[in-house]
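final.txt (compact mmCIF, C-alpha atoms)
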```
# COMPACT_ATOMS: atom_id res chain seq x y z
CA MET L 1 -13.40 13.00 -25.88
CA SER L 2 -14.10 11.59 -22.39
CA ASP L 3 -15.09 14.79 -20.38
CA GLY L 4 -16.40 12.91 -17.34
CA HIS L 5 -17.39 9.87 -19.34
CA ALA L 6 -15.87 6.46 -18.68
CA VAL L 7 -17.04 5.16 -22.06
CA ARG L 8 -17.68 7.16 -25.20
CA ALA L 9 -18.36 5.97 -28.73
CA GLU L 10 -19.07 7.99 -31.86
CA GLY L 11 -20.32 6.57 -35.13
CA LEU L 12 -19.23 2.96 -34.47
CA GLU L 13 -19.51 0.70 -37.49
CA LYS L 14 -19.06 -3.04 -37.78
CA ARG L 15 -20.02 -5.37 -40.60
CA TYR L 16 -20.28 -9.13 -40.81
CA GLY L 17 -20.55 -10.59 -44.28
CA GLY L 18 -21.44 -7.21 -45.71
CA LYS L 19 -24.32 -6.71 -43.27
CA PRO L 20 -24.09 -4.00 -40.59
CA ALA L 21 -24.09 -5.12 -36.97
CA LEU L 22 -23.35 -1.54 -35.90
CA ASP L 23 -24.35 1.29 -38.20
CA GLY L 24 -23.17 4.60 -36.72
CA PHE L 25 -23.71 3.70 -33.07
CA ASP L 26 -23.18 6.43 -30.43
CA LEU L 27 -22.82 5.96 -26.68
CA ALA L 28 -21.81 8.06 -23.67
CA VAL L 29 -21.47 6.47 -20.21
CA ARG L 30 -20.77 8.73 -17.25
CA GLU L 31 -18.21 7.68 -14.66
CA GLY L 32 -19.45 5.86 -11.57
CA THR L 33 -22.86 4.88 -12.96
CA VAL L 34 -24.72 1.88 -14.32
CA HIS L 35 -25.61 2.57 -17.93
CA GLY L 36 -28.06 0.19 -19.57
CA LEU L 37 -27.80 -0.86 -23.20
CA LEU L 38 -31.23 -2.20 -24.06
CA GLY L 39 -32.23 -3.91 -27.27
CA PRO L 40 -33.54 -7.11 -28.85
CA ASN L 41 -31.43 -10.03 -30.00
CA GLY L 42 -29.43 -8.92 -33.01
CA ALA L 43 -29.65 -5.20 -32.24
CA GLY L 44 -25.88 -4.80 -31.84
CA LYS L 45 -25.44 -4.92 -28.05
CA THR L 46 -22.83 -7.66 -27.90
CA THR L 47 -20.95 -6.33 -30.90
CA ALA L 48 -20.70 -2.93 -29.20
CA VAL L 49 -19.36 -4.51 -26.01
CA ARG L 50 -16.84 -6.60 -27.94
CA ILE L 51 -15.51 -3.50 -29.68
CA LEU L 52 -15.35 -1.46 -26.49
CA SER L 53 -13.56 -4.29 -24.67
CA THR L 54 -11.06 -4.64 -27.58
CA LEU L 55 -12.17 -8.17 -28.52
CA VAL L 56 -13.32 -7.05 -31.97
CA LYS L 57 -11.89 -4.35 -34.23
CA LEU L 58 -14.21 -1.60 -35.34
CA ASP L 59 -14.73 -0.88 -39.05
CA GLY L 60 -15.50 2.79 -38.55
CA GLY L 61 -16.04 5.48 -35.96
CA ARG L 62 -14.15 6.02 -32.73
CA ALA L 63 -14.37 4.84 -29.14
CA GLU L 64 -12.65 5.59 -25.85
CA VAL L 65 -12.76 3.62 -22.60
CA ALA L 66 -11.24 5.08 -19.42
CA GLY L 67 -9.91 7.92 -21.57
CA LEU L 68 -8.04 5.58 -23.94
CA ASP L 69 -8.68 5.00 -27.64
CA VAL L 70 -9.70 1.35 -28.01
CA ALA L 71 -8.24 1.03 -31.51
CA ARG L 72 -4.89 2.71 -30.81
CA ARG L 73 -4.24 1.58 -27.22
CA PRO L 74 -6.03 -1.75 -26.77
CA ARG L 75 -3.52 -3.24 -24.32
CA GLU L 76 -3.85 -0.28 -21.96
CA VAL L 77 -7.65 -0.44 -22.24
CA ARG L 78 -7.62 -4.13 -21.23
CA ALA L 79 -5.69 -3.29 -18.09
CA ARG L 80 -8.50 -0.97 -16.98
CA ILE L 81 -11.61 -3.04 -17.75
CA GLY L 82 -13.42 -6.16 -16.65
CA LEU L 83 -15.81 -8.24 -18.76
CA THR L 84 -18.50 -10.72 -17.78
CA GLY L 85 -20.30 -12.47 -20.61
CA GLN L 86 -23.67 -14.16 -20.85
CA TYR L 87 -22.46 -17.39 -19.30
CA ALA L 88 -20.28 -17.96 -16.25
CA ALA L 89 -16.64 -18.59 -17.19
CA VAL L 90 -15.58 -20.20 -13.92
CA ASP L 91 -14.28 -23.78 -13.56
CA GLU L 92 -16.87 -26.01 -11.90
CA VAL L 93 -14.28 -28.55 -10.74
CA LEU L 94 -12.35 -25.99 -8.70
CA THR L 95 -13.59 -24.30 -5.53
CA GLY L 96 -14.58 -20.65 -5.52
CA ARG L 97 -11.31 -19.75 -3.82
CA GLN L 98 -9.23 -21.76 -6.30
CA ASN L 99 -10.99 -20.12 -9.22
CA LEU L 100 -10.16 -16.63 -7.99
CA GLU L 101 -6.58 -17.55 -7.14
CA MET L 102 -6.20 -19.03 -10.62
CA PHE L 103 -7.49 -15.83 -12.24
CA GLY L 104 -5.13 -13.83 -10.04
CA ARG L 105 -2.16 -15.84 -11.27
CA LEU L 106 -3.33 -15.51 -14.88
CA PHE L 107 -3.23 -11.74 -14.32
CA HIS L 108 0.33 -12.06 -13.01
CA LEU L 109 -0.44 -11.07 -9.42
CA GLY L 110 1.86 -13.71 -7.95
CA GLY L 111 0.85 -16.36 -5.42
CA ARG L 112 0.63 -14.23 -2.28
CA ARG L 113 -1.24 -11.33 -3.92
CA ALA L 114 -3.56 -13.71 -5.76
CA ARG L 115 -4.52 -15.43 -2.49
CA ALA L 116 -5.06 -12.12 -0.73
CA ARG L 117 -7.17 -10.75 -3.58
CA ALA L 118 -9.27 -13.93 -3.60
CA VAL L 119 -10.05 -13.46 0.09
CA GLU L 120 -11.06 -9.83 -0.51
CA LEU L 121 -13.37 -10.70 -3.38
CA LEU L 122 -14.97 -13.68 -1.68
CA ASP L 123 -15.91 -11.38 1.17
CA ARG L 124 -17.03 -8.57 -1.12
CA PHE L 125 -19.39 -10.86 -3.07
CA ASP L 126 -20.67 -12.69 0.02
CA LEU L 127 -19.07 -16.00 -0.97
CA THR L 128 -16.77 -16.61 2.00
CA ALA L 129 -18.97 -19.37 3.45
CA ALA L 130 -18.85 -21.22 0.12
CA ALA L 131 -15.21 -20.42 -0.67
CA ASP L 132 -13.99 -24.01 -0.38
CA LEU L 133 -16.95 -25.70 -2.03
CA GLY L 134 -16.66 -26.92 -5.61
CA VAL L 135 -18.35 -24.45 -7.95
CA GLY L 136 -20.44 -27.32 -9.30
CA LYS L 137 -22.37 -27.09 -6.02
CA TYR L 138 -23.03 -23.35 -6.37
CA SER L 139 -26.46 -21.96 -7.26
CA GLY L 140 -26.81 -19.97 -10.48
CA GLY L 141 -26.66 -16.69 -8.59
CA MET L 142 -23.54 -17.76 -6.69
CA ARG L 143 -21.79 -18.71 -9.93
CA ARG L 144 -22.59 -15.36 -11.50
CA ARG L 145 -21.34 -13.55 -8.39
CA LEU L 146 -18.14 -15.58 -8.57
CA ASP L 147 -17.88 -14.67 -12.24
CA LEU L 148 -18.26 -11.00 -11.31
CA ALA L 149 -15.59 -11.41 -8.66
CA ALA L 150 -13.22 -12.91 -11.24
CA SER L 151 -13.78 -9.92 -13.53
CA MET L 152 -12.78 -7.63 -10.66
CA ILE L 153 -9.39 -9.26 -9.97
CA LEU L 154 -7.53 -6.18 -11.19
CA ALA L 155 -10.06 -3.70 -9.74
CA PRO L 156 -11.07 -2.33 -13.16
CA SER L 157 -12.49 1.15 -13.44
CA VAL L 158 -14.97 0.00 -16.11
CA LEU L 159 -16.91 -3.27 -16.06
CA PHE L 160 -18.83 -4.60 -19.06
CA LEU L 161 -21.71 -6.90 -18.15
CA ASP L 162 -23.16 -8.60 -21.21
CA GLU L 163 -26.57 -10.01 -20.22
CA PRO L 164 -25.22 -11.22 -16.86
CA THR L 165 -28.48 -12.67 -15.54
CA THR L 166 -29.57 -14.66 -18.60
CA GLY L 167 -31.26 -17.86 -17.49
CA LEU L 168 -31.22 -17.07 -13.76
CA ASP L 169 -34.24 -17.43 -11.50
CA PRO L 170 -35.62 -14.25 -9.86
CA ARG L 171 -33.79 -14.82 -6.56
CA SER L 172 -30.42 -15.36 -8.26
CA ARG L 173 -31.04 -12.35 -10.47
CA GLY L 174 -31.63 -10.24 -7.37
CA GLU L 175 -28.34 -11.45 -5.87
CA VAL L 176 -26.47 -10.33 -8.98
CA TRP L 177 -28.24 -6.95 -8.92
CA ASP L 178 -27.14 -6.40 -5.33
CA SER L 179 -23.55 -7.17 -6.31
CA VAL L 180 -23.68 -4.72 -9.22
CA ARG L 181 -25.02 -1.96 -6.96
CA ALA L 182 -22.20 -2.59 -4.51
CA LEU L 183 -19.60 -2.32 -7.29
CA VAL L 184 -20.96 1.03 -8.45
CA ALA L 185 -21.11 2.30 -4.88
CA GLY L 186 -17.37 1.55 -4.76
CA GLY L 187 -16.71 3.70 -7.84
CA THR L 188 -16.83 1.19 -10.70
CA THR L 189 -18.57 2.23 -13.93
CA VAL L 190 -20.82 -0.48 -15.36
CA LEU L 191 -22.11 -0.85 -18.91
CA LEU L 192 -24.94 -3.37 -18.71
CA THR L 193 -26.46 -4.99 -21.77
CA THR L 194 -29.76 -6.69 -21.15
CA GLN L 195 -33.04 -7.84 -22.64
CA TYR L 196 -34.69 -7.73 -19.23
CA LEU L 197 -36.64 -4.51 -18.98
CA GLU L 198 -36.98 -4.78 -15.21
CA GLU L 199 -33.22 -5.20 -14.90
CA ALA L 200 -32.52 -2.01 -16.82
CA ASP L 201 -35.18 -0.16 -14.84
CA ARG L 202 -33.86 -1.33 -11.46
CA LEU L 203 -30.14 -0.83 -12.05
CA ALA L 204 -29.45 1.80 -14.69
CA SER L 205 -29.41 5.54 -14.05
CA ARG L 206 -29.43 6.04 -17.81
CA ILE L 207 -30.41 3.78 -20.72
CA THR L 208 -29.48 3.73 -24.38
CA VAL L 209 -31.94 1.90 -26.60
CA ILE L 210 -30.27 0.23 -29.58
CA ASP L 211 -32.00 -1.21 -32.63
CA GLN L 212 -30.53 -2.30 -35.96
CA GLY L 213 -27.09 -1.13 -34.94
CA ARG L 214 -28.03 2.43 -34.05
CA SER L 215 -28.88 4.32 -30.87
CA ILE L 216 -32.52 5.33 -31.15
CA ALA L 217 -32.99 6.83 -27.67
CA ASP L 218 -30.89 7.79 -24.66
CA ASP L 219 -32.33 9.05 -21.38
CA THR L 220 -33.05 8.18 -17.77
CA PRO L 221 -35.63 5.39 -17.24
CA ASP L 222 -38.24 7.98 -16.21
CA GLY L 223 -37.35 10.19 -19.15
CA LEU L 224 -37.87 7.29 -21.55
CA LYS L 225 -41.22 6.47 -19.96
CA ASP L 226 -42.32 10.07 -20.43
CA LEU L 227 -42.11 9.43 -24.18
CA VAL L 228 -45.13 7.17 -23.81
CA GLY L 229 -47.16 9.39 -21.47
CA GLY L 230 -48.63 9.24 -17.99
CA ASP L 231 -51.06 6.88 -16.28
CA ARG L 232 -53.06 4.54 -18.47
CA VAL L 233 -56.20 2.46 -18.28
CA GLU L 234 -55.48 -1.05 -19.50
CA VAL L 235 -57.99 -3.70 -20.50
CA VAL L 236 -57.11 -7.30 -21.31
CA VAL L 237 -59.87 -9.26 -23.05
CA ALA L 238 -60.59 -12.97 -23.11
CA GLU L 239 -61.29 -13.16 -26.86
CA ARG L 240 -59.58 -11.39 -29.77
CA ALA L 241 -62.98 -10.63 -31.30
CA GLU L 242 -63.74 -8.31 -28.37
CA LEU L 243 -60.82 -5.96 -29.08
CA PRO L 244 -62.70 -3.59 -31.45
CA ARG L 245 -65.53 -3.13 -28.93
CA VAL L 246 -63.07 -2.40 -26.13
CA VAL L 247 -61.23 0.13 -28.31
CA LYS L 248 -64.48 2.03 -28.88
CA VAL L 249 -65.31 2.13 -25.17
CA VAL L 250 -61.82 3.21 -24.16
CA ALA L 251 -61.77 5.88 -26.89
CA ARG L 252 -65.02 7.40 -25.54
CA VAL L 253 -63.80 7.58 -21.95
CA CYS L 254 -60.07 8.24 -22.14
CA GLU L 255 -58.32 11.39 -23.35
CA GLY L 256 -55.73 9.86 -25.67
CA GLU L 257 -55.92 7.53 -28.64
CA PRO L 258 -56.18 3.88 -27.54
CA GLU L 259 -53.38 1.52 -28.48
CA THR L 260 -53.92 -2.17 -29.16
CA ASP L 261 -51.54 -5.04 -28.50
CA GLU L 262 -53.20 -7.85 -30.42
CA GLU L 263 -50.69 -10.43 -29.27
CA ALA L 264 -51.43 -9.73 -25.59
CA LEU L 265 -55.17 -9.04 -26.28
CA ARG L 266 -54.66 -5.69 -24.59
CA VAL L 267 -56.04 -2.18 -25.11
CA HIS L 268 -54.68 0.80 -23.22
CA ALA L 269 -54.94 4.58 -23.33
CA PRO L 270 -53.67 7.57 -21.31
CA VAL L 271 -55.94 9.20 -18.71
CA THR L 272 -55.92 12.27 -16.49
CA ASP L 273 -58.58 11.45 -13.90
CA ARG L 274 -57.39 7.94 -13.12
CA VAL L 275 -60.13 6.61 -10.86
CA ALA L 276 -63.05 8.18 -12.73
CA ALA L 277 -61.79 6.86 -16.07
CA LEU L 278 -61.23 3.35 -14.73
CA THR L 279 -64.67 3.28 -13.12
CA GLU L 280 -66.39 4.47 -16.30
CA VAL L 281 -64.56 2.01 -18.57
CA ALA L 282 -65.35 -0.91 -16.23
CA ARG L 283 -69.02 0.06 -15.94
CA THR L 284 -69.48 0.53 -19.68
CA LEU L 285 -67.79 -2.77 -20.56
CA GLN L 286 -69.99 -4.55 -18.04
CA ASP L 287 -73.13 -2.89 -19.43
CA GLU L 288 -72.19 -3.98 -22.94
CA GLY L 289 -71.45 -7.52 -21.85
CA VAL L 290 -67.77 -7.52 -22.85
CA ALA L 291 -65.84 -10.31 -21.12
CA VAL L 292 -62.50 -9.07 -19.80
CA GLU L 293 -59.61 -10.97 -18.24
CA ASP L 294 -58.19 -7.95 -16.43
CA ILE L 295 -58.70 -4.23 -16.10
CA GLY L 296 -56.68 -1.70 -14.17
CA LEU L 297 -54.49 1.38 -13.98
CA ARG L 298 -50.79 1.32 -14.59
CA ARG L 299 -47.85 3.55 -15.34
CA PRO L 300 -45.82 3.21 -18.54
CA SER L 301 -43.05 0.63 -18.48
CA LEU L 302 -39.86 0.29 -20.46
CA ASP L 303 -41.69 -2.37 -22.42
CA ASP L 304 -44.11 0.32 -23.62
CA VAL L 305 -41.17 2.57 -24.49
CA PHE L 306 -39.43 -0.14 -26.45
CA LEU L 307 -42.57 -1.09 -28.33
CA ARG L 308 -43.22 2.57 -29.18
CA LEU L 309 -39.65 3.16 -30.39
CA THR L 310 -39.05 -0.04 -32.33
CA GLY L 311 -42.44 -1.52 -33.13
CA HIS L 312 -41.50 -4.81 -31.46
CA ARG L 313 -40.56 -6.19 -28.08
CA THR L 314 -37.05 -6.79 -26.80
CA GLY L 315 -36.79 -10.47 -27.69
CA ALA L 316 -38.37 -10.16 -31.12
CA ARG L 317 -35.45 -10.21 -33.54
CA THR L 318 -32.24 -12.10 -34.10
CA THR L 319 -29.82 -10.95 -36.79
CA GLU L 320 -26.59 -9.15 -35.82
CA LYS L 321 -24.60 -11.84 -37.48
CA GLU L 322 -26.58 -14.58 -35.86
CA ALA L 323 -23.19 -15.96 -35.47
CA ALA L 324 -21.99 -13.06 -33.35
CA ALA L 325 -25.12 -13.17 -31.20
CA ALA L 326 -26.33 -10.23 -29.25
```
Here is a file; write its structure as structure tokens.
Amino acid sequence: MSDGHAVRAEGLEKRYGGKPALDGFDLAVREGTVHGLLGPNGAGKTTAVRILSTLVKLDGGRAEVAGLDVARRPREVRARIGLTGQYAAVDEVLTGRQNLEMFGRLFHLGGRRARARAVELLDRFDLTAAADLGVGKYSGGMRRRLDLAASMILAPSVLFLDEPTTGLDPRSRGEVWDSVRALVAGGTTVLLTTQYLEEADRLASRITVIDQGRSIADDTPDGLKDLVGGDRVEVVVAERAELPRVVKVVARVCEGEPETDEEALRVHAPVTDRVAALTEVARTLQDEGVAVEDIGLRRPSLDDVFLRLTGHRTGARTTEKEAAAA
């Protein structure tokens, strides 16, 4: 079932209390890539990762990781994977070096090999200078990089990252992204679950969109954006009451049907002649005395894709056994 894929799932099903968390979920992750799994809270992301990493038993369907059936050969699967959850699992009392040596011993490397592996990983994740500092003194990005290092103790061929940058500031998030890119450059396959659209766009060569336990789209980031269309004129108004007037103006000037985001007080529509359309919309709105907060040209984003596919934004729902969290 693998045929060049490091992870493959077909028709995965999982229920909690009679309610489906996964409802026929399909996934195919090619070797040596970052594959994004994008969806709102409760969509099934974390449940899928827990099944693929053998932490949860599936109720239906089939899955393979590194060419091994997760239901029939879970112990062998665990020996080939790494997993980093939403929150750092390192000990804040210990130093970075001590944390990695501890994980090495837990994985039965033995004292000498554990120490050597810790040195390798501290260097690989740019933590050598902070190796002997208590983790409590680490920044958020440093902790997550240490957490990534811990998940790489056994040099897994497949790494599951479940929302690894949740709660991090932009600089720390960028540090984690750099570490992930370095891992993939070294041959590791990464399945990344995230709610951050920019994260999926920056890191993933392919993205699966999941909603209500099912895969609803799978393509490259650019391929997904093509679902929405090309360049767009976007107008953000100051008052909700102005939206209908803006829609009429945009409809007269632009080629495609305008779309309205009432929550963001935004109207946008596809255009062919970008500059001419923008100029005409701006002039007409000014002539009609419509107060706008912003007007401009932009390309479709993954946010547009997600809204088009699901009817809501990535953080809009929470079900998936609110207990199981996703």
Segment 178-254 of chain L near segment 48-72 of chain L within 10 Å: what's each residue's closest atom pair and its distance in Å to one decimal, counting all atoms listed in the file, ordered by chain then ascending residue number, as JSON lines?
```
{"residue": "L:Thr189", "atom": "CA", "partner": "L:Ala66", "partner_atom": "CA", "distance": 9.6}
{"residue": "L:Leu191", "atom": "CA", "partner": "L:Val49", "partner_atom": "CA", "distance": 8.4}
{"residue": "L:Leu192", "atom": "CA", "partner": "L:Val49", "partner_atom": "CA", "distance": 9.3}
{"residue": "L:Thr193", "atom": "CA", "partner": "L:Val49", "partner_atom": "CA", "distance": 8.3}
{"residue": "L:Gly213", "atom": "CA", "partner": "L:Ala48", "partner_atom": "CA", "distance": 8.8}
```
Would you list the residues near (-63.3, -7.5, -27.6) (no more than 10 Å away, in the coordinates of the file, using only C-alpha atoms) as an MDAnalysis selection string?
-> chainID L and resid 235:248 265:267 285 289:292
Suppose we keep C-alpha atoms; can you now write the selection as an mmCIF file, keeping the file's coordinate frame?
```
data_model
loop_
_atom_site.group_PDB
_atom_site.id
_atom_site.type_symbol
_atom_site.label_atom_id
_atom_site.label_comp_id
_atom_site.auth_asym_id
_atom_site.auth_seq_id
_atom_site.Cartn_x
_atom_site.Cartn_y
_atom_site.Cartn_z
ATOM 1 C CA VAL L 235 -57.990 -3.700 -20.500
ATOM 2 C CA VAL L 236 -57.110 -7.300 -21.310
ATOM 3 C CA VAL L 237 -59.870 -9.260 -23.050
ATOM 4 C CA ALA L 238 -60.590 -12.970 -23.110
ATOM 5 C CA GLU L 239 -61.290 -13.160 -26.860
ATOM 6 C CA ARG L 240 -59.580 -11.390 -29.770
ATOM 7 C CA ALA L 241 -62.980 -10.630 -31.300
ATOM 8 C CA GLU L 242 -63.740 -8.310 -28.370
ATOM 9 C CA LEU L 243 -60.820 -5.960 -29.080
ATOM 10 C CA PRO L 244 -62.700 -3.590 -31.450
ATOM 11 C CA ARG L 245 -65.530 -3.130 -28.930
ATOM 12 C CA VAL L 246 -63.070 -2.400 -26.130
ATOM 13 C CA VAL L 247 -61.230 0.130 -28.310
ATOM 14 C CA LYS L 248 -64.480 2.030 -28.880
ATOM 15 C CA LEU L 265 -55.170 -9.040 -26.280
ATOM 16 C CA ARG L 266 -54.660 -5.690 -24.590
ATOM 17 C CA VAL L 267 -56.040 -2.180 -25.110
ATOM 18 C CA LEU L 285 -67.790 -2.770 -20.560
ATOM 19 C CA GLY L 289 -71.450 -7.520 -21.850
ATOM 20 C CA VAL L 290 -67.770 -7.520 -22.850
ATOM 21 C CA ALA L 291 -65.840 -10.310 -21.120
ATOM 22 C CA VAL L 292 -62.500 -9.070 -19.800
#
```
Identify, on the basis of only C-alpha atoms, every residue whose closest approach to Ile207 of chain L does not exceed 7 Å; exclude the query and any residue fewer than 3 positions from it along the same chain; express the result as an MDAnalysis selection string.
-> chainID L and resid 35:38 204 218:221
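Note that atom CA of Ile216 of chain L and atom CA of Pro170 of chain L are 29.1 Å apart.
When only C-alpha atoms are used to compute distances to Arg105 of chain L, the closest of the residues L:Arg252, L:Leu161, L:Arg308, L:Leu154 turns out to be L:Leu154.
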Find the residues near Leu122 of chain L: any atom within 12 Å, counting all atoms listed in the file, skip ones fewer than 2 places away on the same chain, and give them as a ChimeraX atom specification.
-> /L:95-101,115-120,124-132,142-143,145-150,152-153,179
Enumerate, as a tab-separated table (two decimals) with C-alpha atoms, in the coordinates of the input, the protein, DNA and RNA residues whose atoms approach (-28.3, -7.7, -16.4) to within 6 Å, taking into account only C-alpha atoms and the coordinate frame of the file.
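Wrote selection.tsv, looks like this:
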```tsv
chain	number	residue	atom	x	y	z
L	163	GLU	CA	-26.57	-10.01	-20.22
L	164	PRO	CA	-25.22	-11.22	-16.86
L	165	THR	CA	-28.48	-12.67	-15.54
L	192	LEU	CA	-24.94	-3.37	-18.71
L	194	THR	CA	-29.76	-6.69	-21.15
L	199	GLU	CA	-33.22	-5.20	-14.90
```
Taking 5 positions as the minimum chain separation for residues in the same chain, which residues sit within 8 Å of Val250 of chain L when counting all atoms listed in the file? Answer as a compact mmCIF listing (two decimals) with C-alpha atoms, in the coordinates of the input.
```txt
# COMPACT_ATOMS: atom_id res chain seq x y z
CA PRO L 258 -56.18 3.88 -27.54
CA VAL L 267 -56.04 -2.18 -25.11
CA HIS L 268 -54.68 0.80 -23.22
CA ALA L 269 -54.94 4.58 -23.33
CA VAL L 281 -64.56 2.01 -18.57
```
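Here atom CA of Val158 of chain L stands at a distance of 9.6 Å from atom CA of Val77 of chain L.
Nearest to Pro270 of chain L of all the residues L:Gly11, L:Gly111, L:Gly256, L:Gly44 is L:Gly256, based on only C-alpha atoms.
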Which residues are close to segment 294-306 of chain L, i.e. within 6 Å by all atoms listed in the file, leaving aside same-chain residues fewer than 5 positions away? Reply as a short mmCIF file (atom, residue, chain, number, x, y, z; two decimals) with C-alpha atoms, in the frame of the given file.
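Resulting contents of part-v3.cif:
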```cif
data_model
loop_
_atom_site.label_atom_id
_atom_site.label_comp_id
_atom_site.auth_asym_id
_atom_site.auth_seq_id
_atom_site.Cartn_x
_atom_site.Cartn_y
_atom_site.Cartn_z
CA LEU L 197 -36.64 -4.51 -18.98
CA LYS L 225 -41.22 6.47 -19.96
CA ASP L 231 -51.06 6.88 -16.28
CA ARG L 232 -53.06 4.54 -18.47
CA VAL L 233 -56.20 2.46 -18.28
CA GLU L 234 -55.48 -1.05 -19.50
CA VAL L 235 -57.99 -3.70 -20.50
CA VAL L 236 -57.11 -7.30 -21.31
#
```
Between atom CA of Phe25 of chain L and atom CA of Ala9 of chain L - distance in Å to one decimal = 7.3 Å
Using only C-alpha atoms, find the one residue out of L:Leu309, L:Val275, L:Ala155, L:Val209 that sits nearest to Val228 of chain L.
-> L:Leu309
